[in-house]
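Undergrad: Supplied in structure tokens, the structure appears directly below.
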Amino acid sequence: MPIPVTCPCGKNYQAKDELAGRQLKCPACGQVLVVPALPSPGIGGDLGDASGFDMSGTHSNHTLRPTGAGRPGTARRGAARAANNGFVWKVGAAVAGGLVAVIALAVVMFLVFAARDGGPDGDVATADSLQESEGPHRTPDEPASVPGTSAGGSSEATATAQRFPSLPGAVSNPPAYLLEDAPFDMRTYFGPLPAEQNAAPLYLDALFEFSADVSGCFSAAEQARRGPTIQQRQQRSYAIHNRRSQNEDGVAGPELDRALQEYAAGFAKLEAAQQRPGCVFESALGIAALLPHAQAAREVARWTDIKTQRDVEQGRLDEALENIDLLLRLSRDLQRRGASVTQLVSVAIDSVCYQGCVKRVLADQNLTTDHCDRLLAILARHEQQAVDPLVESLRGEYVIMRSTLHDVRFQTGDFDPKFMREELEVDSIGALITGLAPGGSGSDQEAARIDAYAARMTDDDYTAEITRANELYEAVIAAAGRPYAERVQAIAAAFARVRSPDTLLVSLLSGGLPEILQAFVRSEAELHGTQCLVALRRWLLDQPAVQPPDLVTVVKAAGMPSVPRDPYDDGPLRMTQQQGQLVIYSVGSDGRDDQARSDWQYGKQPGDFIFRLARD
């Protein structure tokens, strides 16, 4: 499977898949490029160990892909080519997906800290390893077009010149068909945020300092000005992450400090973005919408964890707490109007923060009870100000499903024949859907069945699909606030009602909800478990010679009103001793209290979800 590679000089290439993670020289300009790593079969490195969300065997209809040198069409074509070939990435143990459960990636997934994220130093393949490919070309001053009736996205969105910085194809106002009979208030969902209050443009500028993935959000002139420096920085970053994935102590402190200095401007820009009160990343509405800001956020998470490590090692605990606050604010700011992909990127960032940054702080010998109190306040604010990720994800997925139904019926947007052929390089509606839909198999037979269905689709069929979609989303959104076991039952019942040959598209587009529910419940349990760990560490600092009698006493001593809830049984979290150490635990998805004797390994086996003060 060829891997698309774009050089800052503007050349587009296809690299053989065996070159993933290797360094190559651009035949045109000599620039050393890094071929993006392929998704690994499981999460590697810090993020994967922290998250452990098993989403294996599922599909996605979203792309979370780098945009090369600002040419979103290149990334789109890679995703579509994968769909057209019947190829869908299988990513195990990944925190990604939703109703479109796991992101189809042709380059690299935000959630995988891959072991071979970059090629080894000095290992540069020859130029003949690259095959030049076509890419959309614009003059430096030519504005990019927002996808419209023939360029992807919503078929009724106004096609205007892209405002910089912004996501490719960004839609501000919902098309009329979305306002008719949605199961939630669509006008409120798309409610505008005044430009002077919206942090999103400032975030994109900051994210560009960390990753060239967002280059397509900027003008060609800005890409040319900043792109080469950022790409070179990323290559150095890949090398550092690669070495740290093998051994966290494999990169010396002075080298990390020099690298962090290169990101000083990026961190300053993140802080400036967070001076604004709100954030909405407007995106395209179609099945192939690009979300490069989420891809770029992985670099922020990585380098914030490294920065926290160095701050703790050098006795700067106040700065370490500020890092945690900044990273969690970024997580929240990804959420609004975000479908499953961005909600689960937010979940992944949270997990990096809890398992990396927070535990580094808690392990420091200079920690005080005051630091613990400040950390508890940061975590409480994060919980209070975050949106409900399940509800927000469902709303975002509903918008995508309705846009997909509309565009298939009227062959517009992503399903405009010319756009599919020229931009996505897909020869049919069926090829695109079977490759990217969560319920699609990627088979030629299934693609032919969808093509036949789309060709004979009538207004009555379209209405029936919409009715089923509304029934499904109304039921699952209503179940969001109910206890975990009830939510599982309600979701299963809702899906059983929509799986029908008469509503083929809704059936194909509505998979993966049980997995996304698991991801969000795990994240809630992890937040609450982390709060308890901070309270426990505070107790041990304040009363080192006194064994705490129970968790209620521990959290009250920390000023918390009650023991945080275990989302799996709606009771309080628990504390026990394990090998002489106090641990916090949740009963996990089986709902059975095993006294923390068996670790469930993120749902892979019966047992409890265990939280320890020491880093795993």
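Each chain in the structure tokens gets a letter, A, B, ..., in the order shown, and its residues are numbered from 1; ligands are numbered from 1 in order too.
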With only C-alpha atoms as the counted atoms, please give the residues lying no more than 9 Å from Leu613 in chain A, apart from itself and same-chain residues fewer than 3 positions off, as a list in words.

TA: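 The filter keeps Lys359, Leu362, Ala363, Thr530, Leu533, Val534, Leu536, Arg537, Leu582, Val583, Ile584 and Asp616 of chain A.
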
Undergrad: Contacts of Ile400 in chain A at 7 Å or less, counting only C-alpha atoms, minus same-chain residues fewer than 3 places along, as a list in words?

TA: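 The residues satisfying every condition are Leu285, Gly286, Ile287, Gly396, Glu397, Ser403 and Thr404 of chain A.
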
Undergrad: In terms of the shortest atom-to-atom distance over only C-alpha atoms, which of A:Ala268, A:Ala386, A:Val476, A:Ala452 is closest to Arg332 in chain A?

TA: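 The closest residue to Arg332 in chain A is A:Ala386.
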
Undergrad: Can you pull out every residue from range 388-609 of chain A that DSSP, working from the backbone, puts in helix (DSSP H, G or I), and format the result as a ChimeraX atom specification?

TA: /A:389-410,413-415,417-424,429-436,444-456,459-481,484-498,501-509,513-542,551-557

Undergrad: Excluding Arg395 in chain A and any residue of its chain fewer than 2 positions from it, enumerate the residues within 10 Å of it, using only C-alpha atoms, and give them as number ranges by chain.

TA: A: 182-186, 189, 337-340, 389-393, 397-401, 473-474, 477

Undergrad: Using only C-alpha atoms, determine which residues lie at most 9 Å from range 246-261 of chain A, disregarding the query and same-chain residues fewer than 4 positions distant; provide the list as a PyMOL selection string.

TA: chain A and resi 45+115+233+236-237+240-242+265+303+306-307+310

Undergrad: Would you export the selected residues with N, CA, C and O atoms as a PDB file, in the first residue's frame, please?

TA:
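Once written, result.pdb looks like this:
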ATOM      1  N   GLY A  45       4.180   2.677  23.117  1.00  0.00           N
ATOM      2  CA  GLY A  45       4.626   3.866  23.823  1.00  0.00           C
ATOM      3  C   GLY A  45       3.688   4.288  24.920  1.00  0.00           C
ATOM      4  O   GLY A  45       2.777   3.605  25.321  1.00  0.00           O
ATOM      5  N   ALA A 115       6.219   2.691  17.648  1.00  0.00           N
ATOM      6  CA  ALA A 115       7.602   2.393  18.000  1.00  0.00           C
ATOM      7  C   ALA A 115       8.562   2.848  16.905  1.00  0.00           C
ATOM      8  O   ALA A 115       9.716   3.138  17.168  1.00  0.00           O
ATOM      9  N   ARG A 233      12.036  20.223  12.068  1.00  0.00           N
ATOM     10  CA  ARG A 233      11.828  20.047  13.502  1.00  0.00           C
ATOM     11  C   ARG A 233      11.110  18.727  13.785  1.00  0.00           C
ATOM     12  O   ARG A 233      11.441  18.005  14.726  1.00  0.00           O
ATOM     13  N   ARG A 236      13.456  15.741  13.640  1.00  0.00           N
ATOM     14  CA  ARG A 236      14.221  15.592  14.875  1.00  0.00           C
ATOM     15  C   ARG A 236      13.335  15.040  15.994  1.00  0.00           C
ATOM     16  O   ARG A 236      13.768  14.229  16.818  1.00  0.00           O
ATOM     17  N   SER A 237      12.080  15.500  15.993  1.00  0.00           N
ATOM     18  CA  SER A 237      11.133  15.017  16.996  1.00  0.00           C
ATOM     19  C   SER A 237      10.887  13.521  16.840  1.00  0.00           C
ATOM     20  O   SER A 237      10.847  12.771  17.819  1.00  0.00           O
ATOM     21  N   ILE A 240      13.658  11.532  18.351  1.00  0.00           N
ATOM     22  CA  ILE A 240      13.616  11.525  19.816  1.00  0.00           C
ATOM     23  C   ILE A 240      12.522  10.591  20.315  1.00  0.00           C
ATOM     24  O   ILE A 240      12.745   9.765  21.210  1.00  0.00           O
ATOM     25  N   HIS A 241      11.330  10.689  19.739  1.00  0.00           N
ATOM     26  CA  HIS A 241      10.232   9.827  20.174  1.00  0.00           C
ATOM     27  C   HIS A 241      10.551   8.362  19.919  1.00  0.00           C
ATOM     28  O   HIS A 241      10.193   7.492  20.723  1.00  0.00           O
ATOM     29  N   ASN A 242      11.225   8.086  18.815  1.00  0.00           N
ATOM     30  CA  ASN A 242      11.591   6.715  18.497  1.00  0.00           C
ATOM     31  C   ASN A 242      12.524   6.151  19.555  1.00  0.00           C
ATOM     32  O   ASN A 242      12.337   5.029  20.048  1.00  0.00           O
ATOM     33  N   ALA A 265       8.065  28.694  21.380  1.00  0.00           N
ATOM     34  CA  ALA A 265       7.090  29.567  20.718  1.00  0.00           C
ATOM     35  C   ALA A 265       5.737  28.888  20.622  1.00  0.00           C
ATOM     36  O   ALA A 265       4.691  29.535  20.783  1.00  0.00           O
ATOM     37  N   TRP A 303       5.002  16.415  23.767  1.00  0.00           N
ATOM     38  CA  TRP A 303       5.986  17.365  24.268  1.00  0.00           C
ATOM     39  C   TRP A 303       5.577  17.985  25.596  1.00  0.00           C
ATOM     40  O   TRP A 303       6.434  18.382  26.387  1.00  0.00           O
ATOM     41  N   ILE A 306       6.865  15.447  28.018  1.00  0.00           N
ATOM     42  CA  ILE A 306       8.323  15.586  28.145  1.00  0.00           C
ATOM     43  C   ILE A 306       8.673  16.847  28.928  1.00  0.00           C
ATOM     44  O   ILE A 306       9.565  16.834  29.798  1.00  0.00           O
ATOM     45  N   LYS A 307       7.984  17.931  28.639  1.00  0.00           N
ATOM     46  CA  LYS A 307       8.228  19.175  29.371  1.00  0.00           C
ATOM     47  C   LYS A 307       7.942  18.984  30.862  1.00  0.00           C
ATOM     48  O   LYS A 307       8.689  19.477  31.728  1.00  0.00           O
ATOM     49  N   ARG A 310      10.809  17.113  32.497  1.00  0.00           N
ATOM     50  CA  ARG A 310      11.978  17.943  32.754  1.00  0.00           C
ATOM     51  C   ARG A 310      11.702  18.964  33.861  1.00  0.00           C
ATOM     52  O   ARG A 310      12.585  19.250  34.689  1.00  0.00           O
TER      53      ARG A 310
END

Undergrad: Just how far from CA of His406 in chain A is CA of Ile429 in chain A, in Å to one decimal?

TA: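 Answer for the CA of Ile429 in chain A to CA of His406 in chain A separation: 12.7 Å.
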
Undergrad: Quick one: of A:Gln343, A:Asp181, A:Ala535, A:Ser283, who's nearest to Lys556 in chain A, counting only C-alpha atoms?

TA: A:Ala535

Undergrad: Separation of CA of Tyr484 in chain A and CA of Asp550 in chain A, in Å?

TA: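 Calculated distance between CA of Tyr484 in chain A and CA of Asp550 in chain A is 25.4 Å.
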
Undergrad: Quick one: residues within 8 Å of Arg329 in chain A, only C-alpha atoms, excluding same-chain residues fewer than 4 positions away - as a PyMOL selection string?

TA: chain A and resi 274+325+333+382

Undergrad: What does the distance from CA of Asp570 in chain A to CA of Asn470 in chain A come to in Å, to one decimal?

TA: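 The value is 28.9 Å.
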
Undergrad: Mind checking which residues fall within 10 Å of Ala485 in chain A, counting only C-alpha atoms, ignoring those fewer than 3 positions away in the same chain, and posting them as a list in words?

TA: Arg482, Val488, Gln489, Ala490, Pro567, Tyr568, Asp569, Asp570, Ser589, Asp590 and Gly591 of chain A

Undergrad: Those same residues - C-alpha atoms - I'd like them written as a short mmCIF file (atom, residue, chain, number, x, y, z; two decimals), in the first residue's frame.

TA:
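File written: selection27.cif
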data_model
loop_
_atom_site.label_atom_id
_atom_site.label_comp_id
_atom_site.auth_asym_id
_atom_site.auth_seq_id
_atom_site.Cartn_x
_atom_site.Cartn_y
_atom_site.Cartn_z
CA ARG A 482 -28.43 6.74 32.42
CA VAL A 488 -25.60 -0.67 27.08
CA GLN A 489 -29.08 -2.19 26.89
CA ALA A 490 -30.62 0.94 25.36
CA PRO A 567 -19.19 4.90 36.37
CA TYR A 568 -19.48 1.15 35.97
CA ASP A 569 -21.77 0.56 38.94
CA ASP A 570 -22.68 4.14 39.96
CA SER A 589 -17.08 -3.37 32.78
CA ASP A 590 -18.09 -6.73 34.27
CA GLY A 591 -19.55 -4.89 37.28
#

Undergrad: So that I can see what lies close to Cys357 in chain A, please list as a ChimeraX atom specification the residues with an atom at most 7 Å from it, counting only C-alpha atoms and leaving out residues fewer than 5 positions away in the same chain.

TA: /A:305,308,324
